[in-house]
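The structure appears right after this line, and notes come after that.
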Amino acid sequence: MRKLTAQIPAAAAIVLLSVASPAYAQTNAYPSKAIRFVVASSPGGGLDVTARAVAPKLINIFGQQVIIDNRAGAAGSLAAEITAKSAPDGYTLLMGSIGNLAVNPHLYKGLGYAPLKDLAPVTYAVSGSNVLVVNPSVPVKTVRELIALGKAQPGKLTYGSSGAGNAGHLAGELFKGMAKIDMVHVPYKGGAPAMIALIADQVQLVFASAPTALPQVKAGRIRALAVTTLKRSAHLPELPTIAESGLPGFEADNWYGVAVPAGTPRAIINRLNTELVRALNMPDVKQLLFNQGLEVSTGTPEAFGNYMKSEDIKWAKVIKDAGLIAN
């Protein structure tokens, strides 16, 4: 009996080893070929710049090619769907954003993927502050004064954005809801046309990207009131956040992050997290991205996953309350 009992664990160990060996071999040898980095924008955009800043570092770390695959379209959903439907083996990464990782499922019907189900978080990558700016003709210098003006003149204030459903538009809708004021949204075909309209006093305010807003603020053509992120921006450290200026808890961060197909082995996700965090925090990468108006902010897969969930819940409510549905 003792002899038989001793044989059972040994046999079980052999079976377990034979089952585990392929997965172990897969993760232990990773990566053994080129990695595809799917970018949800055309070349030259912030997502593309971030991926291209990191790719050479990953090539040096992994000793394998990292190929940038720009897949603009459907507000970033095309790239996310391609990634979600790729093999979960660590050889397809997505450089995604607030749009395709949190907003789009609530804004667009019939998407071919669900971010929280079909994608696995790797790391938060960068934070992109928007800046609440007004035309100098608007008689306010603080967020509190703007809210007071909005309440005194319901429906009279207009705010521009670079298009329906983008970060600037959603920041405006979140602002309206939290401040309990009525403003009229005017969409434009890009951040530059929206800024031109603001300078021309065709709209009174814009939640603009930092790179778009800063030159005009410095030139005195527009007035900056606050930044939309929860923390102050390193680009405008003297400028308060909206959260500390009358709307506690307000946050509209135009963030980017890296994800892989759901089902990717945890060991590979951990390896990718380690190397991406290392690459993003290299001084030359941080400086390059800072010059683009982006601030590196990294963390664990769990932290990024929790943030994606919180953003999903927040923007689902904003979109529902505002009645926003894109075609």
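Ordering of the structure tokens sets the chain letters (A, B, ...); residue numbers start at 1 within each chain; ligands are numbered from 1 in the order shown.
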Please report as CSV every residue of segment 59-91 of chain A lying within 10 Å of segment 118-121 of chain A, along with the nearest atom pair and their distance in Å (one decimal), using only C-alpha atoms.
residue,atom,partner,partner_atom,distance
A:Ala80,CA,A:Leu119,CA,8.3
A:Glu81,CA,A:Asp118,CA,8.7
A:Thr83,CA,A:Leu119,CA,7.9
A:Ala84,CA,A:Asp118,CA,5.5
A:Lys85,CA,A:Asp118,CA,8.0
A:Pro88,CA,A:Leu119,CA,9.4
Identify, on the basis of only C-alpha atoms, every residue whose closest approach to Leu157 of chain A does not exceed 8 Å; exclude the query and any residue fewer than 3 positions from it along the same chain; express the result as a PyMOL selection string. chain A and resi 150+153-154+182-184+203-205
Residue selection dump (C-alpha atoms) as an mmCIF file, in the first residue's frame:
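This is the output file part-v1.cif:
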data_model
loop_
_atom_site.group_PDB
_atom_site.id
_atom_site.type_symbol
_atom_site.label_atom_id
_atom_site.label_comp_id
_atom_site.auth_asym_id
_atom_site.auth_seq_id
_atom_site.Cartn_x
_atom_site.Cartn_y
_atom_site.Cartn_z
ATOM 1 C CA GLY A 150 -23.355 79.939 -16.216
ATOM 2 C CA GLN A 153 -27.168 83.030 -17.877
ATOM 3 C CA PRO A 154 -28.413 79.465 -18.534
ATOM 4 C CA ASP A 182 -26.429 74.652 -19.056
ATOM 5 C CA MET A 183 -23.899 75.279 -21.845
ATOM 6 C CA VAL A 184 -24.225 74.728 -25.590
ATOM 7 C CA VAL A 203 -17.470 80.259 -28.652
ATOM 8 C CA GLN A 204 -16.759 81.380 -25.092
ATOM 9 C CA LEU A 205 -14.714 78.463 -23.778
#
Measuring between only C-alpha atoms, which one of A:Asn100, A:Asn254, A:Thr228, A:Asn60 shows the shortest distance to Gly46 of chain A? A:Asn254
So that I can check the secondary structure, give me every residue of segment 43-277 of chain A assigned strand (DSSP E) by backbone DSSP, as number ranges by chain. A: 66-70, 92-97, 119-127, 130-134, 158-161, 184-187, 205-209, 223-227, 256-261
Kindly save the residues from that selection, with N, CA and C atoms included, as a CSV table (one decimal), in the first residue's frame.
chain,number,residue,atom,x,y,z
A,66,VAL,N,10.0,45.6,-32.9
A,66,VAL,CA,8.7,46.1,-32.4
A,66,VAL,C,8.1,46.9,-33.6
A,67,ILE,N,7.1,46.4,-34.2
A,67,ILE,CA,6.5,47.0,-35.4
A,67,ILE,C,5.3,47.9,-35.1
A,68,ILE,N,5.4,49.1,-35.4
A,68,ILE,CA,4.2,50.0,-35.2
A,68,ILE,C,3.2,49.8,-36.3
A,69,ASP,N,2.0,49.5,-35.9
A,69,ASP,CA,0.9,49.3,-36.9
A,69,ASP,C,-0.2,50.3,-36.6
A,70,ASN,N,-0.2,51.4,-37.4
A,70,ASN,CA,-1.2,52.5,-37.2
A,70,ASN,C,-2.5,52.0,-37.8
A,92,THR,N,0.9,40.9,-29.7
A,92,THR,CA,0.1,42.1,-30.2
A,92,THR,C,-0.2,42.9,-29.0
A,93,LEU,N,0.3,44.2,-29.0
A,93,LEU,CA,0.0,45.2,-28.0
A,93,LEU,C,-0.9,46.3,-28.6
A,94,LEU,N,-1.7,46.9,-27.7
A,94,LEU,CA,-2.5,48.1,-28.1
A,94,LEU,C,-2.0,49.3,-27.4
A,95,MET,N,-1.7,50.4,-28.1
A,95,MET,CA,-1.5,51.7,-27.4
A,95,MET,C,-2.9,52.3,-27.6
A,96,GLY,N,-3.7,52.2,-26.5
A,96,GLY,CA,-5.0,52.7,-26.5
A,96,GLY,C,-5.2,54.0,-25.7
A,97,SER,N,-6.4,54.5,-25.6
A,97,SER,CA,-6.7,55.7,-24.9
A,97,SER,C,-8.0,55.7,-24.2
A,119,LEU,N,-10.0,42.7,-23.5
A,119,LEU,CA,-8.6,43.2,-23.4
A,119,LEU,C,-8.1,43.1,-22.0
A,120,ALA,N,-6.8,42.8,-21.8
A,120,ALA,CA,-6.2,42.8,-20.5
A,120,ALA,C,-5.3,44.0,-20.3
A,121,PRO,N,-5.4,44.7,-19.2
A,121,PRO,CA,-4.6,45.9,-19.0
A,121,PRO,C,-3.1,45.5,-18.7
A,122,VAL,N,-2.2,46.3,-19.2
A,122,VAL,CA,-0.8,46.1,-18.9
A,122,VAL,C,-0.3,47.2,-18.1
A,123,THR,N,-0.4,48.5,-18.5
A,123,THR,CA,0.0,49.6,-17.7
A,123,THR,C,-0.6,50.9,-18.2
A,124,TYR,N,-1.0,51.8,-17.3
A,124,TYR,CA,-1.2,53.2,-17.6
A,124,TYR,C,0.1,53.7,-18.2
A,125,ALA,N,0.0,54.6,-19.2
A,125,ALA,CA,1.2,55.1,-19.8
A,125,ALA,C,1.4,56.6,-19.6
A,126,VAL,N,0.5,57.4,-20.1
A,126,VAL,CA,0.7,58.8,-19.9
A,126,VAL,C,-0.6,59.5,-19.6
A,127,SER,N,-0.5,60.7,-19.0
A,127,SER,CA,-1.6,61.6,-18.7
A,127,SER,C,-1.6,62.8,-19.6
A,130,ASN,N,-6.2,68.4,-20.2
A,130,ASN,CA,-6.8,69.5,-21.0
A,130,ASN,C,-6.9,70.7,-20.1
A,131,VAL,N,-7.0,71.8,-20.8
A,131,VAL,CA,-7.0,73.1,-20.1
A,131,VAL,C,-8.3,73.8,-20.4
A,132,LEU,N,-9.0,74.3,-19.3
A,132,LEU,CA,-10.2,75.1,-19.5
A,132,LEU,C,-9.8,76.5,-19.8
A,133,VAL,N,-10.0,76.9,-21.0
A,133,VAL,CA,-9.6,78.3,-21.5
A,133,VAL,C,-10.9,79.0,-21.9
A,134,VAL,N,-10.8,80.3,-21.8
A,134,VAL,CA,-12.0,81.2,-22.2
A,134,VAL,C,-11.5,82.3,-23.0
A,158,THR,N,-21.3,79.1,-24.7
A,158,THR,CA,-21.1,78.0,-25.7
A,158,THR,C,-19.6,77.5,-25.5
A,159,TYR,N,-19.4,76.2,-25.7
A,159,TYR,CA,-18.1,75.7,-25.6
A,159,TYR,C,-17.8,74.9,-26.8
A,160,GLY,N,-16.6,75.0,-27.4
A,160,GLY,CA,-16.2,74.3,-28.6
A,160,GLY,C,-15.4,73.1,-28.2
A,161,SER,N,-15.3,72.2,-29.2
A,161,SER,CA,-14.5,71.0,-29.0
A,161,SER,C,-14.0,70.5,-30.4
A,184,VAL,N,-24.0,75.3,-24.3
A,184,VAL,CA,-24.2,74.7,-25.6
A,184,VAL,C,-22.9,74.2,-26.2
A,185,HIS,N,-22.9,73.0,-26.7
A,185,HIS,CA,-21.7,72.4,-27.3
A,185,HIS,C,-21.7,72.7,-28.8
A,186,VAL,N,-20.5,73.2,-29.3
A,186,VAL,CA,-20.3,73.5,-30.7
A,186,VAL,C,-19.1,72.6,-31.2
A,187,PRO,N,-19.4,71.5,-31.9
A,187,PRO,CA,-18.2,70.7,-32.4
A,187,PRO,C,-17.6,71.3,-33.6
A,205,LEU,N,-15.7,79.3,-24.5
A,205,LEU,CA,-14.7,78.5,-23.8
A,205,LEU,C,-14.5,77.1,-24.5
A,206,VAL,N,-13.3,76.6,-24.2
A,206,VAL,CA,-12.9,75.3,-24.8
A,206,VAL,C,-12.1,74.5,-23.7
A,207,PHE,N,-12.3,73.2,-23.7
A,207,PHE,CA,-11.5,72.3,-22.9
A,207,PHE,C,-10.4,71.8,-23.9
A,208,ALA,N,-9.3,72.5,-24.0
A,208,ALA,CA,-8.4,72.2,-25.0
A,208,ALA,C,-7.2,71.4,-24.5
A,209,SER,N,-6.5,70.7,-25.5
A,209,SER,CA,-5.3,70.0,-25.1
A,209,SER,C,-4.2,71.1,-24.8
A,223,ARG,N,-7.6,83.1,-22.1
A,223,ARG,CA,-7.3,83.1,-20.6
A,223,ARG,C,-7.5,81.6,-20.1
A,224,ALA,N,-6.5,81.1,-19.4
A,224,ALA,CA,-6.6,79.8,-18.8
A,224,ALA,C,-7.1,79.9,-17.4
A,225,LEU,N,-8.1,79.0,-17.1
A,225,LEU,CA,-8.7,79.0,-15.7
A,225,LEU,C,-8.2,77.9,-14.9
A,226,ALA,N,-8.1,76.7,-15.5
A,226,ALA,CA,-7.8,75.5,-14.7
A,226,ALA,C,-7.4,74.3,-15.6
A,227,VAL,N,-6.9,73.3,-15.1
A,227,VAL,CA,-6.6,72.0,-15.8
A,227,VAL,C,-7.6,71.0,-15.4
A,256,TYR,N,-3.6,57.7,-21.9
A,256,TYR,CA,-3.2,56.5,-22.8
A,256,TYR,C,-2.8,55.4,-21.9
A,257,GLY,N,-3.0,54.2,-22.5
A,257,GLY,CA,-2.5,53.0,-21.8
A,257,GLY,C,-2.3,51.8,-22.7
A,258,VAL,N,-1.6,50.8,-22.2
A,258,VAL,CA,-1.3,49.6,-23.1
A,258,VAL,C,-2.1,48.4,-22.6
A,259,ALA,N,-2.6,47.7,-23.6
A,259,ALA,CA,-3.4,46.5,-23.3
A,259,ALA,C,-3.1,45.4,-24.3
A,260,VAL,N,-3.4,44.2,-23.9
A,260,VAL,CA,-3.2,43.0,-24.8
A,260,VAL,C,-4.5,42.2,-24.8
A,261,PRO,N,-4.6,41.3,-25.7
A,261,PRO,CA,-5.8,40.5,-25.8
A,261,PRO,C,-6.1,39.7,-24.5
Distance atom CA of Lys33 of chain A-atom CA of Gly90 of chain A, one decimal place?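 Atom CA of Lys33 of chain A sits 10.3 Å away from atom CA of Gly90 of chain A.
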So which residues touch Ala192 of chain A within 8 Å, counting only C-alpha atoms, skipping near sequence neighbours fewer than 3 positions away, as a list in words?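 The residues satisfying every condition are Ser162, Met195, Ile196 and Thr212 of chain A.
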Mind dumping the selected residues with C-alpha atoms as a tab-separated table (two decimals), in the first residue's frame?
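Produced file out.tsv, reproduced below:
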chain	number	residue	atom	x	y	z
A	162	SER	CA	-12.57	69.08	-31.68
A	195	MET	CA	-9.16	77.19	-30.96
A	196	ILE	CA	-9.57	79.60	-33.87
A	212	THR	CA	-3.03	73.55	-28.46
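The neighbours of segment 49-57 of chain A here are the residues that come within 8 Å of it, using only C-alpha atoms and leaving out any residue fewer than 2 positions away in the same chain; they are A:Phe37, A:Val39, A:Pro43, A:Gly44, A:Gly45, A:Gly46, A:Leu47, A:Ile59, A:Asn60, A:Ile61, A:Val66, A:Ile67, A:Ile68, A:Met95, A:Leu276, A:Ala279, A:Leu280, A:Val285, A:Leu288, A:Leu289.
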DSSP says alpha helix (DSSP H) for which residues of segment 34-194 of chain A? Put them as a PDB file with N, CA and C atoms, in the first residue's frame?
ATOM      1  N   GLY A  46      -0.643  61.917 -30.737  1.00  0.00           N
ATOM      2  CA  GLY A  46      -0.060  61.655 -29.431  1.00  0.00           C
ATOM      3  C   GLY A  46       0.142  60.184 -29.135  1.00  0.00           C
ATOM      4  N   LEU A  47      -0.834  59.350 -29.521  1.00  0.00           N
ATOM      5  CA  LEU A  47      -0.697  57.909 -29.314  1.00  0.00           C
ATOM      6  C   LEU A  47       0.485  57.360 -30.102  1.00  0.00           C
ATOM      7  N   ASP A  48       0.605  57.817 -31.348  1.00  0.00           N
ATOM      8  CA  ASP A  48       1.686  57.360 -32.217  1.00  0.00           C
ATOM      9  C   ASP A  48       3.045  57.789 -31.667  1.00  0.00           C
ATOM     10  N   VAL A  49       3.139  59.036 -31.225  1.00  0.00           N
ATOM     11  CA  VAL A  49       4.393  59.543 -30.670  1.00  0.00           C
ATOM     12  C   VAL A  49       4.797  58.727 -29.437  1.00  0.00           C
ATOM     13  N   THR A  50       3.818  58.391 -28.601  1.00  0.00           N
ATOM     14  CA  THR A  50       4.109  57.616 -27.391  1.00  0.00           C
ATOM     15  C   THR A  50       4.620  56.227 -27.743  1.00  0.00           C
ATOM     16  N   ALA A  51       3.944  55.557 -28.665  1.00  0.00           N
ATOM     17  CA  ALA A  51       4.371  54.209 -29.062  1.00  0.00           C
ATOM     18  C   ALA A  51       5.757  54.232 -29.697  1.00  0.00           C
ATOM     19  N   ARG A  52       6.003  55.228 -30.545  1.00  0.00           N
ATOM     20  CA  ARG A  52       7.299  55.304 -31.233  1.00  0.00           C
ATOM     21  C   ARG A  52       8.428  55.714 -30.284  1.00  0.00           C
ATOM     22  N   ALA A  53       8.105  56.390 -29.204  1.00  0.00           N
ATOM     23  CA  ALA A  53       9.130  56.724 -28.206  1.00  0.00           C
ATOM     24  C   ALA A  53       9.553  55.485 -27.430  1.00  0.00           C
ATOM     25  N   VAL A  54       8.606  54.591 -27.207  1.00  0.00           N
ATOM     26  CA  VAL A  54       8.866  53.392 -26.408  1.00  0.00           C
ATOM     27  C   VAL A  54       9.454  52.253 -27.240  1.00  0.00           C
ATOM     28  N   ALA A  55       9.038  52.138 -28.500  1.00  0.00           N
ATOM     29  CA  ALA A  55       9.412  50.988 -29.332  1.00  0.00           C
ATOM     30  C   ALA A  55      10.926  50.725 -29.390  1.00  0.00           C
ATOM     31  N   PRO A  56      11.773  51.742 -29.632  1.00  0.00           N
ATOM     32  CA  PRO A  56      13.220  51.465 -29.693  1.00  0.00           C
ATOM     33  C   PRO A  56      13.772  50.919 -28.378  1.00  0.00           C
ATOM     34  N   LYS A  57      13.207  51.352 -27.271  1.00  0.00           N
ATOM     35  CA  LYS A  57      13.664  50.858 -25.970  1.00  0.00           C
ATOM     36  C   LYS A  57      13.306  49.383 -25.814  1.00  0.00           C
ATOM     37  N   LEU A  58      12.094  49.019 -26.259  1.00  0.00           N
ATOM     38  CA  LEU A  58      11.682  47.624 -26.167  1.00  0.00           C
ATOM     39  C   LEU A  58      12.517  46.743 -27.086  1.00  0.00           C
ATOM     40  N   ILE A  59      12.886  47.275 -28.244  1.00  0.00           N
ATOM     41  CA  ILE A  59      13.750  46.519 -29.162  1.00  0.00           C
ATOM     42  C   ILE A  59      15.079  46.192 -28.482  1.00  0.00           C
ATOM     43  N   ASN A  60      15.647  47.182 -27.805  1.00  0.00           N
ATOM     44  CA  ASN A  60      16.915  46.962 -27.101  1.00  0.00           C
ATOM     45  C   ASN A  60      16.759  45.975 -25.944  1.00  0.00           C
ATOM     46  N   ILE A  61      15.628  46.061 -25.240  1.00  0.00           N
ATOM     47  CA  ILE A  61      15.399  45.199 -24.081  1.00  0.00           C
ATOM     48  C   ILE A  61      15.137  43.753 -24.508  1.00  0.00           C
ATOM     49  N   PHE A  62      14.258  43.600 -25.498  1.00  0.00           N
ATOM     50  CA  PHE A  62      13.823  42.266 -25.905  1.00  0.00           C
ATOM     51  C   PHE A  62      14.722  41.615 -26.951  1.00  0.00           C
ATOM     52  N   SER A  77     -11.666  52.569 -32.234  1.00  0.00           N
ATOM     53  CA  SER A  77     -12.261  51.246 -32.000  1.00  0.00           C
ATOM     54  C   SER A  77     -11.693  50.188 -32.935  1.00  0.00           C
ATOM     55  N   LEU A  78     -11.287  50.574 -34.133  1.00  0.00           N
ATOM     56  CA  LEU A  78     -10.725  49.624 -35.086  1.00  0.00           C
ATOM     57  C   LEU A  78      -9.472  48.965 -34.511  1.00  0.00           C
ATOM     58  N   ALA A  79      -8.570  49.766 -33.982  1.00  0.00           N
ATOM     59  CA  ALA A  79      -7.327  49.235 -33.406  1.00  0.00           C
ATOM     60  C   ALA A  79      -7.612  48.340 -32.210  1.00  0.00           C
ATOM     61  N   ALA A  80      -8.562  48.746 -31.376  1.00  0.00           N
ATOM     62  CA  ALA A  80      -8.896  47.948 -30.196  1.00  0.00           C
ATOM     63  C   ALA A  80      -9.494  46.602 -30.590  1.00  0.00           C
ATOM     64  N   GLU A  81     -10.351  46.607 -31.607  1.00  0.00           N
ATOM     65  CA  GLU A  81     -10.970  45.360 -32.046  1.00  0.00           C
ATOM     66  C   GLU A  81      -9.929  44.419 -32.661  1.00  0.00           C
ATOM     67  N   ILE A  82      -9.014  44.970 -33.452  1.00  0.00           N
ATOM     68  CA  ILE A  82      -7.942  44.155 -34.039  1.00  0.00           C
ATOM     69  C   ILE A  82      -7.139  43.478 -32.936  1.00  0.00           C
ATOM     70  N   THR A  83      -6.799  44.236 -31.911  1.00  0.00           N
ATOM     71  CA  THR A  83      -6.028  43.682 -30.796  1.00  0.00           C
ATOM     72  C   THR A  83      -6.826  42.626 -30.046  1.00  0.00           C
ATOM     73  N   ALA A  84      -8.077  42.937 -29.748  1.00  0.00           N
ATOM     74  CA  ALA A  84      -8.913  42.014 -28.981  1.00  0.00           C
ATOM     75  C   ALA A  84      -9.066  40.669 -29.675  1.00  0.00           C
ATOM     76  N   ILE A  98      -8.377  56.760 -23.544  1.00  0.00           N
ATOM     77  CA  ILE A  98      -9.660  56.877 -22.871  1.00  0.00           C
ATOM     78  C   ILE A  98     -10.806  56.567 -23.830  1.00  0.00           C
ATOM     79  N   ASN A 104     -15.897  54.641 -25.847  1.00  0.00           N
ATOM     80  CA  ASN A 104     -16.574  54.202 -27.069  1.00  0.00           C
ATOM     81  C   ASN A 104     -17.690  53.187 -26.876  1.00  0.00           C
ATOM     82  N   PRO A 105     -17.543  52.209 -25.970  1.00  0.00           N
ATOM     83  CA  PRO A 105     -18.635  51.244 -25.806  1.00  0.00           C
ATOM     84  C   PRO A 105     -19.968  51.877 -25.409  1.00  0.00           C
ATOM     85  N   HIS A 106     -19.909  53.041 -24.786  1.00  0.00           N
ATOM     86  CA  HIS A 106     -21.129  53.715 -24.353  1.00  0.00           C
ATOM     87  C   HIS A 106     -21.605  54.750 -25.379  1.00  0.00           C
ATOM     88  N   LEU A 107     -20.727  55.071 -26.307  1.00  0.00           N
ATOM     89  CA  LEU A 107     -21.035  56.124 -27.272  1.00  0.00           C
ATOM     90  C   LEU A 107     -21.439  55.565 -28.631  1.00  0.00           C
ATOM     91  N   PRO A 115     -13.967  46.456 -23.976  1.00  0.00           N
ATOM     92  CA  PRO A 115     -12.641  46.653 -23.365  1.00  0.00           C
ATOM     93  C   PRO A 115     -12.407  45.845 -22.090  1.00  0.00           C
ATOM     94  N   LEU A 116     -13.369  45.856 -21.177  1.00  0.00           N
ATOM     95  CA  LEU A 116     -13.162  45.196 -19.892  1.00  0.00           C
ATOM     96  C   LEU A 116     -13.234  43.678 -19.983  1.00  0.00           C
ATOM     97  N   LYS A 117     -13.786  43.174 -21.074  1.00  0.00           N
ATOM     98  CA  LYS A 117     -13.921  41.728 -21.258  1.00  0.00           C
ATOM     99  C   LYS A 117     -12.873  41.160 -22.210  1.00  0.00           C
ATOM    100  N   ASP A 118     -12.604  41.882 -23.294  1.00  0.00           N
ATOM    101  CA  ASP A 118     -11.787  41.345 -24.383  1.00  0.00           C
ATOM    102  C   ASP A 118     -10.337  41.804 -24.373  1.00  0.00           C
ATOM    103  N   VAL A 143     -12.769  79.386 -11.986  1.00  0.00           N
ATOM    104  CA  VAL A 143     -13.814  78.405 -12.271  1.00  0.00           C
ATOM    105  C   VAL A 143     -15.096  78.761 -11.528  1.00  0.00           C
ATOM    106  N   ARG A 144     -14.971  79.184 -10.293  1.00  0.00           N
ATOM    107  CA  ARG A 144     -16.164  79.558  -9.519  1.00  0.00           C
ATOM    108  C   ARG A 144     -16.921  80.697 -10.189  1.00  0.00           C
ATOM    109  N   GLU A 145     -16.189  81.645 -10.713  1.00  0.00           N
ATOM    110  CA  GLU A 145     -16.844  82.766 -11.408  1.00  0.00           C
ATOM    111  C   GLU A 145     -17.520  82.295 -12.695  1.00  0.00           C
ATOM    112  N   LEU A 146     -16.902  81.334 -13.378  1.00  0.00           N
ATOM    113  CA  LEU A 146     -17.502  80.792 -14.594  1.00  0.00           C
ATOM    114  C   LEU A 146     -18.800  80.057 -14.266  1.00  0.00           C
ATOM    115  N   ILE A 147     -18.788  79.270 -13.197  1.00  0.00           N
ATOM    116  CA  ILE A 147     -19.994  78.560 -12.788  1.00  0.00           C
ATOM    117  C   ILE A 147     -21.101  79.548 -12.422  1.00  0.00           C
ATOM    118  N   ALA A 148     -20.739  80.601 -11.696  1.00  0.00           N
ATOM    119  CA  ALA A 148     -21.727  81.619 -11.318  1.00  0.00           C
ATOM    120  C   ALA A 148     -22.318  82.280 -12.562  1.00  0.00           C
ATOM    121  N   LEU A 149     -21.476  82.568 -13.551  1.00  0.00           N
ATOM    122  CA  LEU A 149     -21.949  83.176 -14.797  1.00  0.00           C
ATOM    123  C   LEU A 149     -22.886  82.220 -15.534  1.00  0.00           C
ATOM    124  N   GLY A 150     -22.517  80.927 -15.552  1.00  0.00           N
ATOM    125  CA  GLY A 150     -23.355  79.939 -16.216  1.00  0.00           C
ATOM    126  C   GLY A 150     -24.720  79.811 -15.572  1.00  0.00           C
ATOM    127  N   LYS A 151     -24.770  79.896 -14.257  1.00  0.00           N
ATOM    128  CA  LYS A 151     -26.055  79.811 -13.551  1.00  0.00           C
ATOM    129  C   LYS A 151     -26.891  81.071 -13.751  1.00  0.00           C
ATOM    130  N   ALA A 152     -26.213  82.208 -13.869  1.00  0.00           N
ATOM    131  CA  ALA A 152     -26.934  83.474 -14.080  1.00  0.00           C
ATOM    132  C   ALA A 152     -27.450  83.604 -15.508  1.00  0.00           C
ATOM    133  N   ALA A 167     -12.413  63.903 -26.002  1.00  0.00           N
ATOM    134  CA  ALA A 167     -12.110  64.212 -24.605  1.00  0.00           C
ATOM    135  C   ALA A 167     -12.582  65.600 -24.197  1.00  0.00           C
ATOM    136  N   GLY A 168     -12.401  66.594 -25.088  1.00  0.00           N
ATOM    137  CA  GLY A 168     -12.823  67.952 -24.763  1.00  0.00           C
ATOM    138  C   GLY A 168     -14.335  68.069 -24.625  1.00  0.00           C
ATOM    139  N   HIS A 169     -15.059  67.384 -25.494  1.00  0.00           N
ATOM    140  CA  HIS A 169     -16.523  67.394 -25.422  1.00  0.00           C
ATOM    141  C   HIS A 169     -16.999  66.748 -24.127  1.00  0.00           C
ATOM    142  N   LEU A 170     -16.450  65.584 -23.800  1.00  0.00           N
ATOM    143  CA  LEU A 170     -16.870  64.881 -22.602  1.00  0.00           C
ATOM    144  C   LEU A 170     -16.498  65.649 -21.335  1.00  0.00           C
ATOM    145  N   ALA A 171     -15.342  66.320 -21.368  1.00  0.00           N
ATOM    146  CA  ALA A 171     -14.977  67.162 -20.220  1.00  0.00           C
ATOM    147  C   ALA A 171     -16.022  68.250 -20.008  1.00  0.00           C
ATOM    148  N   GLY A 172     -16.501  68.822 -21.120  1.00  0.00           N
ATOM    149  CA  GLY A 172     -17.537  69.843 -21.036  1.00  0.00           C
ATOM    150  C   GLY A 172     -18.838  69.303 -20.471  1.00  0.00           C
ATOM    151  N   GLU A 173     -19.218  68.097 -20.880  1.00  0.00           N
ATOM    152  CA  GLU A 173     -20.449  67.494 -20.378  1.00  0.00           C
ATOM    153  C   GLU A 173     -20.323  67.142 -18.903  1.00  0.00           C
ATOM    154  N   LEU A 174     -19.145  66.646 -18.498  1.00  0.00           N
ATOM    155  CA  LEU A 174     -18.915  66.359 -17.082  1.00  0.00           C
ATOM    156  C   LEU A 174     -18.983  67.646 -16.268  1.00  0.00           C
ATOM    157  N   PHE A 175     -18.398  68.700 -16.793  1.00  0.00           N
ATOM    158  CA  PHE A 175     -18.411  70.008 -16.129  1.00  0.00           C
ATOM    159  C   PHE A 175     -19.847  70.504 -15.963  1.00  0.00           C
ATOM    160  N   LYS A 176     -20.625  70.432 -17.028  1.00  0.00           N
ATOM    161  CA  LYS A 176     -22.028  70.854 -16.980  1.00  0.00           C
ATOM    162  C   LYS A 176     -22.796  70.111 -15.891  1.00  0.00           C
ATOM    163  N   GLY A 177     -22.610  68.789 -15.869  1.00  0.00           N
ATOM    164  CA  GLY A 177     -23.349  67.981 -14.911  1.00  0.00           C
ATOM    165  C   GLY A 177     -22.958  68.247 -13.474  1.00  0.00           C
ATOM    166  N   MET A 178     -21.661  68.368 -13.212  1.00  0.00           N
ATOM    167  CA  MET A 178     -21.208  68.579 -11.842  1.00  0.00           C
ATOM    168  C   MET A 178     -21.488  69.998 -11.370  1.00  0.00           C
ATOM    169  N   ALA A 179     -21.395  70.971 -12.282  1.00  0.00           N
ATOM    170  CA  ALA A 179     -21.638  72.367 -11.910  1.00  0.00           C
ATOM    171  C   ALA A 179     -23.123  72.728 -11.937  1.00  0.00           C
ATOM    172  N   GLY A 191      -8.914  70.200 -33.130  1.00  0.00           N
ATOM    173  CA  GLY A 191      -8.598  71.135 -32.064  1.00  0.00           C
ATOM    174  C   GLY A 191      -8.229  72.520 -32.563  1.00  0.00           C
ATOM    175  N   ALA A 192      -7.548  72.591 -33.711  1.00  0.00           N
ATOM    176  CA  ALA A 192      -7.138  73.889 -34.244  1.00  0.00           C
ATOM    177  C   ALA A 192      -8.336  74.749 -34.644  1.00  0.00           C
ATOM    178  N   PRO A 193      -9.322  74.216 -35.389  1.00  0.00           N
ATOM    179  CA  PRO A 193     -10.505  75.026 -35.710  1.00  0.00           C
ATOM    180  C   PRO A 193     -11.269  75.478 -34.466  1.00  0.00           C
ATOM    181  N   ALA A 194     -11.323  74.609 -33.445  1.00  0.00           N
ATOM    182  CA  ALA A 194     -12.006  74.997 -32.210  1.00  0.00           C
ATOM    183  C   ALA A 194     -11.273  76.143 -31.530  1.00  0.00           C
TER     184      ALA A 194
END
